[in-house]
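**Student:** Handing over final_2.txt, compact mmCIF, N, CA and C atoms.
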```txt
# COMPACT_ATOMS: atom_id res chain seq x y z
N MET A 1 0.83 -1.19 0.00
CA MET A 1 0.00 0.00 0.00
C MET A 1 0.88 1.25 0.00
N LYS A 2 0.28 2.31 -0.44
CA LYS A 2 0.98 3.59 -0.53
C LYS A 2 0.97 4.29 0.84
N PRO A 3 2.09 4.90 1.26
CA PRO A 3 2.12 5.61 2.55
C PRO A 3 1.11 6.77 2.59
N ILE A 4 0.52 6.95 3.75
CA ILE A 4 -0.45 8.03 3.97
C ILE A 4 -0.05 8.78 5.25
N PRO A 5 -0.50 10.05 5.42
CA PRO A 5 -0.18 10.76 6.66
C PRO A 5 -1.13 10.33 7.79
N CYS A 6 -0.57 10.17 8.97
CA CYS A 6 -1.36 9.85 10.16
C CYS A 6 -2.27 11.04 10.46
N LEU A 7 -3.52 10.78 10.82
CA LEU A 7 -4.46 11.87 11.10
C LEU A 7 -4.09 12.63 12.38
N ASN A 8 -3.25 12.04 13.22
CA ASN A 8 -2.87 12.72 14.46
C ASN A 8 -1.54 13.45 14.32
N CYS A 9 -0.48 12.75 13.96
CA CYS A 9 0.86 13.36 13.94
C CYS A 9 1.29 13.83 12.55
N GLN A 10 0.55 13.51 11.52
CA GLN A 10 0.82 13.91 10.14
C GLN A 10 2.09 13.28 9.55
N ILE A 11 2.66 12.29 10.23
CA ILE A 11 3.84 11.59 9.70
C ILE A 11 3.36 10.46 8.79
N PHE A 12 4.00 10.32 7.64
CA PHE A 12 3.59 9.30 6.69
C PHE A 12 3.94 7.90 7.21
N PHE A 13 3.04 6.96 7.00
CA PHE A 13 3.25 5.57 7.38
C PHE A 13 2.54 4.68 6.37
N THR A 14 2.90 3.41 6.35
CA THR A 14 2.26 2.46 5.44
C THR A 14 1.17 1.73 6.23
N PRO A 15 -0.09 1.93 5.87
CA PRO A 15 -1.18 1.29 6.61
C PRO A 15 -1.24 -0.22 6.36
N ARG A 16 -1.73 -0.96 7.35
CA ARG A 16 -1.89 -2.41 7.21
C ARG A 16 -3.11 -2.76 6.35
N ASN A 17 -4.12 -1.88 6.37
CA ASN A 17 -5.31 -2.08 5.54
C ASN A 17 -5.86 -0.73 5.13
N CYS A 18 -6.86 -0.73 4.28
CA CYS A 18 -7.37 0.53 3.72
C CYS A 18 -8.15 1.38 4.72
N LYS A 19 -8.50 0.81 5.88
CA LYS A 19 -9.26 1.56 6.89
C LYS A 19 -8.37 2.20 7.95
N GLN A 20 -7.09 1.89 7.96
CA GLN A 20 -6.18 2.42 8.97
C GLN A 20 -5.78 3.85 8.63
N ASN A 21 -6.09 4.77 9.56
CA ASN A 21 -5.78 6.18 9.34
C ASN A 21 -4.79 6.74 10.35
N TYR A 22 -4.46 5.95 11.38
CA TYR A 22 -3.53 6.38 12.42
C TYR A 22 -2.34 5.45 12.46
N CYS A 23 -1.15 5.99 12.71
CA CYS A 23 0.04 5.16 12.80
C CYS A 23 0.03 4.39 14.12
N SER A 24 1.04 3.58 14.34
CA SER A 24 1.06 2.73 15.53
C SER A 24 1.66 3.40 16.76
N ASP A 25 2.05 4.65 16.66
CA ASP A 25 2.58 5.38 17.81
C ASP A 25 1.52 5.41 18.93
N PRO A 26 1.89 5.13 20.17
CA PRO A 26 0.91 5.10 21.27
C PRO A 26 0.10 6.40 21.42
N LYS A 27 0.74 7.56 21.18
CA LYS A 27 0.00 8.83 21.28
C LYS A 27 -1.09 8.90 20.22
N CYS A 28 -0.77 8.45 19.03
CA CYS A 28 -1.74 8.47 17.93
C CYS A 28 -2.86 7.47 18.18
N GLN A 29 -2.53 6.33 18.77
CA GLN A 29 -3.56 5.35 19.09
C GLN A 29 -4.49 5.87 20.18
N ARG A 30 -3.93 6.61 21.15
CA ARG A 30 -4.79 7.22 22.18
C ARG A 30 -5.72 8.25 21.55
N ALA A 31 -5.20 9.03 20.60
CA ALA A 31 -6.03 10.03 19.91
C ALA A 31 -7.15 9.34 19.13
N ARG A 32 -6.81 8.22 18.47
CA ARG A 32 -7.82 7.47 17.71
C ARG A 32 -8.92 6.96 18.63
N LYS A 33 -8.51 6.39 19.77
CA LYS A 33 -9.49 5.86 20.72
C LYS A 33 -10.35 6.98 21.31
N ALA A 34 -9.73 8.12 21.61
CA ALA A 34 -10.47 9.26 22.18
C ALA A 34 -11.53 9.75 21.19
N LEU A 35 -11.18 9.80 19.91
CA LEU A 35 -12.14 10.22 18.90
C LEU A 35 -13.27 9.21 18.78
N TRP A 36 -12.91 7.92 18.77
CA TRP A 36 -13.94 6.88 18.70
C TRP A 36 -14.89 6.99 19.89
N GLN A 37 -14.32 7.18 21.09
CA GLN A 37 -15.14 7.26 22.29
C GLN A 37 -16.05 8.49 22.26
N LYS A 38 -15.53 9.60 21.79
CA LYS A 38 -16.34 10.82 21.70
C LYS A 38 -17.53 10.62 20.76
N GLU A 39 -17.27 10.00 19.62
CA GLU A 39 -18.34 9.74 18.66
C GLU A 39 -19.34 8.73 19.21
N LYS A 40 -18.84 7.72 19.91
CA LYS A 40 -19.72 6.70 20.50
C LYS A 40 -20.59 7.31 21.58
N MET A 41 -20.02 8.18 22.42
CA MET A 41 -20.80 8.83 23.48
C MET A 41 -21.91 9.70 22.89
N ALA A 42 -21.61 10.36 21.77
CA ALA A 42 -22.61 11.24 21.15
C ALA A 42 -23.73 10.44 20.49
N ALA A 43 -23.41 9.26 19.97
CA ALA A 43 -24.38 8.51 19.18
C ALA A 43 -25.13 7.42 19.94
N ASP A 44 -24.55 6.86 20.99
CA ASP A 44 -25.12 5.68 21.65
C ASP A 44 -25.49 5.98 23.09
N SER A 45 -26.78 6.10 23.36
CA SER A 45 -27.23 6.45 24.72
C SER A 45 -26.94 5.33 25.71
N GLU A 46 -26.99 4.08 25.29
CA GLU A 46 -26.69 2.96 26.19
C GLU A 46 -25.22 2.97 26.60
N TYR A 47 -24.34 3.25 25.66
CA TYR A 47 -22.91 3.33 25.96
C TYR A 47 -22.66 4.48 26.94
N ARG A 48 -23.30 5.62 26.68
CA ARG A 48 -23.16 6.80 27.54
C ARG A 48 -23.61 6.47 28.96
N LYS A 49 -24.74 5.77 29.07
CA LYS A 49 -25.28 5.38 30.37
C LYS A 49 -24.32 4.43 31.10
N GLY A 50 -23.76 3.46 30.37
CA GLY A 50 -22.81 2.53 30.97
C GLY A 50 -21.55 3.23 31.44
N GLN A 51 -21.07 4.19 30.67
CA GLN A 51 -19.88 4.95 31.05
C GLN A 51 -20.14 5.76 32.32
N ARG A 52 -21.32 6.36 32.40
CA ARG A 52 -21.67 7.16 33.58
C ARG A 52 -21.76 6.27 34.82
N LEU A 53 -22.39 5.09 34.69
CA LEU A 53 -22.50 4.17 35.83
C LEU A 53 -21.12 3.67 36.26
N SER A 54 -20.26 3.39 35.30
CA SER A 54 -18.91 2.94 35.60
C SER A 54 -18.13 4.02 36.36
N GLN A 55 -18.29 5.26 35.93
CA GLN A 55 -17.60 6.38 36.58
C GLN A 55 -18.12 6.57 38.01
N GLU A 56 -19.43 6.46 38.20
CA GLU A 56 -20.01 6.60 39.54
C GLU A 56 -19.51 5.49 40.47
N LYS A 57 -19.44 4.26 39.95
CA LYS A 57 -18.96 3.14 40.75
C LYS A 57 -17.50 3.36 41.14
N TRP A 58 -16.68 3.81 40.19
CA TRP A 58 -15.27 4.06 40.48
C TRP A 58 -15.14 5.13 41.55
N LEU A 59 -15.96 6.19 41.46
CA LEU A 59 -15.90 7.28 42.42
C LEU A 59 -16.30 6.82 43.81
N GLN A 60 -17.26 5.89 43.90
CA GLN A 60 -17.64 5.35 45.20
C GLN A 60 -16.49 4.56 45.83
N ASN A 61 -15.69 3.89 44.99
CA ASN A 61 -14.55 3.12 45.49
C ASN A 61 -13.33 3.99 45.76
N ASN A 62 -13.30 5.22 45.26
CA ASN A 62 -12.18 6.14 45.43
C ASN A 62 -12.68 7.52 45.86
N PRO A 63 -13.31 7.63 47.03
CA PRO A 63 -13.96 8.89 47.42
C PRO A 63 -13.02 10.07 47.62
N ASP A 64 -11.76 9.83 47.96
CA ASP A 64 -10.83 10.93 48.23
C ASP A 64 -10.01 11.33 47.02
N TYR A 65 -10.28 10.76 45.87
CA TYR A 65 -9.44 11.00 44.70
C TYR A 65 -9.35 12.48 44.34
N TYR A 66 -10.49 13.16 44.18
CA TYR A 66 -10.48 14.55 43.73
C TYR A 66 -9.85 15.48 44.76
N GLU A 67 -10.08 15.23 46.02
CA GLU A 67 -9.47 16.05 47.06
C GLU A 67 -7.94 15.90 47.02
N ASN A 68 -7.46 14.67 46.89
CA ASN A 68 -6.01 14.43 46.79
C ASN A 68 -5.44 15.04 45.52
N TYR A 69 -6.17 14.93 44.43
CA TYR A 69 -5.70 15.48 43.16
C TYR A 69 -5.53 16.99 43.25
N ARG A 70 -6.52 17.68 43.86
CA ARG A 70 -6.42 19.14 44.00
C ARG A 70 -5.24 19.53 44.89
N GLN A 71 -4.98 18.76 45.93
CA GLN A 71 -3.85 19.06 46.82
C GLN A 71 -2.52 18.84 46.11
N ASN A 72 -2.44 17.82 45.26
CA ASN A 72 -1.19 17.49 44.57
C ASN A 72 -0.96 18.30 43.30
N ASN A 73 -1.99 18.99 42.79
CA ASN A 73 -1.89 19.75 41.54
C ASN A 73 -2.49 21.15 41.70
N PRO A 74 -1.87 22.01 42.51
CA PRO A 74 -2.46 23.33 42.77
C PRO A 74 -2.59 24.19 41.51
N GLU A 75 -1.65 24.06 40.54
CA GLU A 75 -1.73 24.87 39.32
C GLU A 75 -2.93 24.47 38.47
N LYS A 76 -3.24 23.20 38.42
CA LYS A 76 -4.42 22.76 37.67
C LYS A 76 -5.71 23.16 38.39
N THR A 77 -5.66 23.14 39.71
CA THR A 77 -6.81 23.58 40.50
C THR A 77 -7.10 25.06 40.23
N GLN A 78 -6.04 25.88 40.22
CA GLN A 78 -6.21 27.31 39.95
C GLN A 78 -6.75 27.54 38.55
N ARG A 79 -6.22 26.81 37.56
CA ARG A 79 -6.69 26.93 36.18
C ARG A 79 -8.18 26.59 36.09
N ASN A 80 -8.58 25.50 36.75
CA ASN A 80 -9.98 25.11 36.70
C ASN A 80 -10.88 26.15 37.35
N ARG A 81 -10.42 26.74 38.44
CA ARG A 81 -11.22 27.78 39.10
C ARG A 81 -11.41 28.99 38.21
N CYS A 82 -10.35 29.35 37.49
CA CYS A 82 -10.42 30.47 36.55
C CYS A 82 -11.43 30.17 35.44
N LEU A 83 -11.34 28.97 34.88
CA LEU A 83 -12.26 28.58 33.81
C LEU A 83 -13.70 28.47 34.33
N GLN A 84 -13.86 28.03 35.59
CA GLN A 84 -15.19 27.93 36.16
C GLN A 84 -15.82 29.31 36.32
N ARG A 85 -15.02 30.31 36.69
CA ARG A 85 -15.55 31.67 36.78
C ARG A 85 -16.11 32.11 35.43
N ILE A 86 -15.40 31.79 34.35
CA ILE A 86 -15.85 32.15 33.01
C ILE A 86 -17.14 31.42 32.69
N ARG A 87 -17.22 30.11 33.01
CA ARG A 87 -18.46 29.35 32.75
C ARG A 87 -19.62 29.92 33.55
N ASN A 88 -19.36 30.29 34.81
CA ASN A 88 -20.42 30.88 35.64
C ASN A 88 -20.90 32.20 35.07
N GLN A 89 -19.95 33.02 34.57
CA GLN A 89 -20.33 34.30 33.99
C GLN A 89 -21.20 34.09 32.74
N ARG A 90 -20.83 33.12 31.92
CA ARG A 90 -21.63 32.82 30.73
C ARG A 90 -23.04 32.40 31.11
N LYS A 91 -23.13 31.60 32.17
CA LYS A 91 -24.45 31.13 32.61
C LYS A 91 -25.29 32.30 33.13
N ARG A 92 -24.65 33.21 33.88
CA ARG A 92 -25.37 34.38 34.40
C ARG A 92 -25.87 35.29 33.29
N GLU A 93 -25.07 35.36 32.20
CA GLU A 93 -25.44 36.22 31.08
C GLU A 93 -26.50 35.57 30.19
N GLY A 94 -26.90 34.37 30.52
CA GLY A 94 -27.95 33.71 29.74
C GLY A 94 -27.44 32.89 28.58
N GLY A 95 -26.14 32.85 28.38
CA GLY A 95 -25.57 32.05 27.29
C GLY A 95 -25.40 30.62 27.75
N SER A 96 -25.30 29.71 26.80
CA SER A 96 -25.04 28.32 27.14
C SER A 96 -23.55 28.07 27.05
N GLU A 97 -23.13 26.88 27.46
CA GLU A 97 -21.71 26.51 27.42
C GLU A 97 -21.16 26.55 26.00
N SER A 98 -21.99 26.22 25.02
CA SER A 98 -21.48 26.09 23.66
C SER A 98 -21.52 27.39 22.87
N THR A 99 -22.25 28.39 23.35
CA THR A 99 -22.32 29.64 22.60
C THR A 99 -21.21 30.57 23.02
N THR A 100 -20.82 31.43 22.13
CA THR A 100 -19.77 32.40 22.40
C THR A 100 -20.42 33.71 22.81
N PRO A 101 -20.30 34.12 24.07
CA PRO A 101 -20.89 35.38 24.48
C PRO A 101 -20.16 36.56 23.85
N SER A 102 -20.82 37.71 23.85
CA SER A 102 -20.22 38.89 23.23
C SER A 102 -18.92 39.27 23.92
N LEU A 103 -18.77 38.92 25.19
CA LEU A 103 -17.57 39.23 25.94
C LEU A 103 -16.35 38.50 25.39
N PHE A 104 -16.54 37.32 24.81
CA PHE A 104 -15.43 36.50 24.33
C PHE A 104 -15.57 36.26 22.84
N GLY A 105 -15.49 37.29 22.04
CA GLY A 105 -15.65 37.14 20.60
C GLY A 105 -14.34 36.82 19.92
N ILE A 106 -14.37 36.86 18.61
CA ILE A 106 -13.15 36.66 17.84
C ILE A 106 -12.40 37.98 17.82
N ALA A 107 -11.13 37.94 18.18
CA ALA A 107 -10.34 39.17 18.30
C ALA A 107 -9.88 39.68 16.94
N LYS A 108 -9.85 41.01 16.83
CA LYS A 108 -9.26 41.66 15.66
C LYS A 108 -7.87 42.14 16.06
N MET A 109 -7.00 42.26 15.10
CA MET A 109 -5.63 42.69 15.41
C MET A 109 -5.58 44.10 15.99
N ASP A 110 -6.46 44.99 15.54
CA ASP A 110 -6.40 46.38 15.99
C ASP A 110 -7.53 46.72 16.97
N ALA A 111 -8.13 45.73 17.58
CA ALA A 111 -9.30 45.97 18.42
C ALA A 111 -8.98 46.74 19.70
N ARG A 112 -7.75 46.65 20.22
CA ARG A 112 -7.43 47.27 21.49
C ARG A 112 -6.43 48.42 21.37
N LYS A 113 -6.42 49.16 20.27
CA LYS A 113 -5.47 50.25 20.14
C LYS A 113 -5.78 51.39 21.11
N SER A 114 -7.05 51.61 21.39
CA SER A 114 -7.38 52.64 22.37
C SER A 114 -7.32 52.02 23.76
N ALA A 115 -7.06 52.82 24.75
CA ALA A 115 -6.98 52.39 26.15
C ALA A 115 -5.92 51.32 26.36
N ILE A 116 -4.81 51.44 25.66
CA ILE A 116 -3.74 50.46 25.77
C ILE A 116 -3.10 50.50 27.15
N ASP A 117 -3.20 51.64 27.84
CA ASP A 117 -2.59 51.77 29.16
C ASP A 117 -3.32 50.93 30.22
N LYS A 118 -4.51 50.46 29.92
CA LYS A 118 -5.26 49.65 30.87
C LYS A 118 -4.93 48.17 30.76
N LEU A 119 -4.07 47.78 29.84
CA LEU A 119 -3.77 46.37 29.61
C LEU A 119 -2.74 45.74 30.54
N PRO A 120 -1.74 46.44 31.09
CA PRO A 120 -0.69 45.76 31.83
C PRO A 120 -1.25 44.86 32.93
N GLY A 121 -0.61 43.70 33.10
CA GLY A 121 -1.01 42.75 34.13
C GLY A 121 -0.88 41.33 33.62
N GLU A 122 -1.26 40.39 34.47
CA GLU A 122 -1.23 38.98 34.09
C GLU A 122 -2.61 38.55 33.64
N TYR A 123 -2.67 37.79 32.56
CA TYR A 123 -3.92 37.33 31.99
C TYR A 123 -3.82 35.85 31.65
N VAL A 124 -4.97 35.20 31.59
CA VAL A 124 -5.03 33.84 31.09
C VAL A 124 -5.83 33.89 29.80
N LEU A 125 -5.21 33.49 28.69
CA LEU A 125 -5.90 33.45 27.41
C LEU A 125 -6.66 32.14 27.32
N VAL A 126 -7.98 32.24 27.19
CA VAL A 126 -8.83 31.05 27.12
C VAL A 126 -9.46 31.01 25.74
N PRO A 127 -9.04 30.07 24.90
CA PRO A 127 -9.63 29.97 23.56
C PRO A 127 -11.09 29.56 23.64
N VAL A 128 -11.91 30.20 22.84
CA VAL A 128 -13.34 29.89 22.83
C VAL A 128 -13.68 29.00 21.65
N ILE A 129 -13.04 29.21 20.54
CA ILE A 129 -13.37 28.47 19.33
C ILE A 129 -12.49 27.23 19.20
N ALA A 130 -11.19 27.38 19.34
CA ALA A 130 -10.27 26.25 19.17
C ALA A 130 -10.22 25.42 20.44
N LYS A 131 -10.00 24.14 20.30
CA LYS A 131 -9.87 23.26 21.45
C LYS A 131 -8.40 23.16 21.81
N MET A 132 -7.99 23.97 22.76
CA MET A 132 -6.62 23.93 23.22
C MET A 132 -6.56 24.47 24.63
N ASP A 133 -5.47 24.20 25.32
CA ASP A 133 -5.33 24.64 26.69
C ASP A 133 -5.10 26.14 26.75
N PRO A 134 -5.60 26.79 27.81
CA PRO A 134 -5.33 28.22 27.96
C PRO A 134 -3.86 28.44 28.29
N ILE A 135 -3.38 29.64 27.99
CA ILE A 135 -2.00 29.98 28.30
C ILE A 135 -1.98 31.23 29.14
N LYS A 136 -0.98 31.33 30.00
CA LYS A 136 -0.83 32.50 30.87
C LYS A 136 0.17 33.43 30.22
N ILE A 137 -0.18 34.73 30.14
CA ILE A 137 0.71 35.72 29.53
C ILE A 137 0.86 36.91 30.45
N LEU A 138 1.92 37.66 30.27
CA LEU A 138 2.15 38.90 31.00
C LEU A 138 2.22 40.02 29.99
N ILE A 139 1.39 41.03 30.15
CA ILE A 139 1.37 42.17 29.23
C ILE A 139 1.94 43.38 29.96
N ILE A 140 2.93 44.02 29.36
CA ILE A 140 3.50 45.25 29.91
C ILE A 140 3.48 46.31 28.82
N THR A 141 3.40 47.55 29.24
CA THR A 141 3.39 48.62 28.25
C THR A 141 4.83 49.08 27.96
N LYS A 142 5.03 49.52 26.77
CA LYS A 142 6.33 50.00 26.34
C LYS A 142 6.41 51.49 26.72
N PRO A 143 7.50 51.92 27.37
CA PRO A 143 7.62 53.33 27.72
C PRO A 143 7.59 54.20 26.48
N SER A 144 7.06 55.41 26.61
CA SER A 144 6.97 56.29 25.45
C SER A 144 8.35 56.68 24.92
N SER A 145 9.38 56.64 25.77
CA SER A 145 10.73 56.96 25.32
C SER A 145 11.36 55.84 24.48
N TYR A 146 10.71 54.69 24.44
CA TYR A 146 11.24 53.52 23.71
C TYR A 146 10.63 53.48 22.31
N GLU A 147 11.09 54.32 21.43
CA GLU A 147 10.56 54.33 20.06
C GLU A 147 11.62 54.44 19.06
```
When written as structure tokens, how does the structure in this file appear?

**Tutor:**
Amino acid sequence: MKPIPCLNCQIFFTPRNCKQNYCSDPKCQRARKALWQKEKMAADSEYRKGQRLSQEKWLQNNPDYYENYRQNNPEKTQRNRCLQRIRNQRKREGGSESTTPSLFGIAKMDARKSAIDKLPGEYVLVPVIAKMDPIKILIITKPSSYE
């Protein structure tokens, strides 16, 4: 067979059959399984129900898991709290989780030219459209003498 690019890593590989779209790298196989599971959860209510029951049973057997996780991962706890504030704000404004409120629209390159002096500080960039992790940035203003 002719080599094709893996749908996850984009590296060319020779598939074993015509239905194989992911290479054998463990990361790519996890991505393939995650996509399959996402599609299965959306399409099959019985599968979704079984997954929920399995998760509830696991949680009953591991009641301290989330408390220990938060203690061992303070940076992830802080990130989640920040994102939860945004979700709560969306809910208060009457928007749903999937809609983009006017507060978090698509940015234009020149949208913030006025009031630039109000920008300095630390911010967390939370993508609304793309599925990716938020990043923390520091914005400082350039002195007027620096031109």

**Student:** If I take atom C of Lys27 in chain A and CA of Lys2 in chain A, how far is one from the other in Å, to one decimal?

**Tutor:** 21.5 Å

**Student:** Could you tell me how far atom N of Glu46 in chain A lies from CA of Gln29 in chain A, in Å and to one decimal?

**Tutor:** 24.3 Å

**Student:** Choose the residue, out of A:Cys9, A:Gln60, A:Met1, A:Ile86, that has the smallest atom-to-atom separation from Cys28 in chain A; count all atoms listed in the file.

**Tutor:**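 Checking each candidate against Cys28 in chain A, we get A:Cys9 as the closest.
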
**Student:** For atom C of Cys6 in chain A and atom N of Tyr22 in chain A, quote the distance in Å rounded to one decimal.

**Tutor:**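 Atom N of Tyr22 in chain A lies at a distance of 5.6 Å from atom C of Cys6 in chain A.
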
**Student:** For range 28-47 of chain A, what centre and edge lengths in Å (one decimal) does the axis-aligned box get once 8 Å is added on each side of all its listed atoms, as AutoDock Vina command-line options?

**Tutor:**
```
--center_x -14.0 --center_y 7.1 --center_z 22.3 --size_x 42.5 --size_y 24.3 --size_z 25.2
```

**Student:** Taking (-2.0, 5.6, 2.5) in the coordinates of the supplied file, I want to know which residues reach to within 6.5 Å of it, counting all atoms listed in the file; could you give the answer as a PyMOL selection string?

**Tutor:** chain A and resi 1-5+13-15
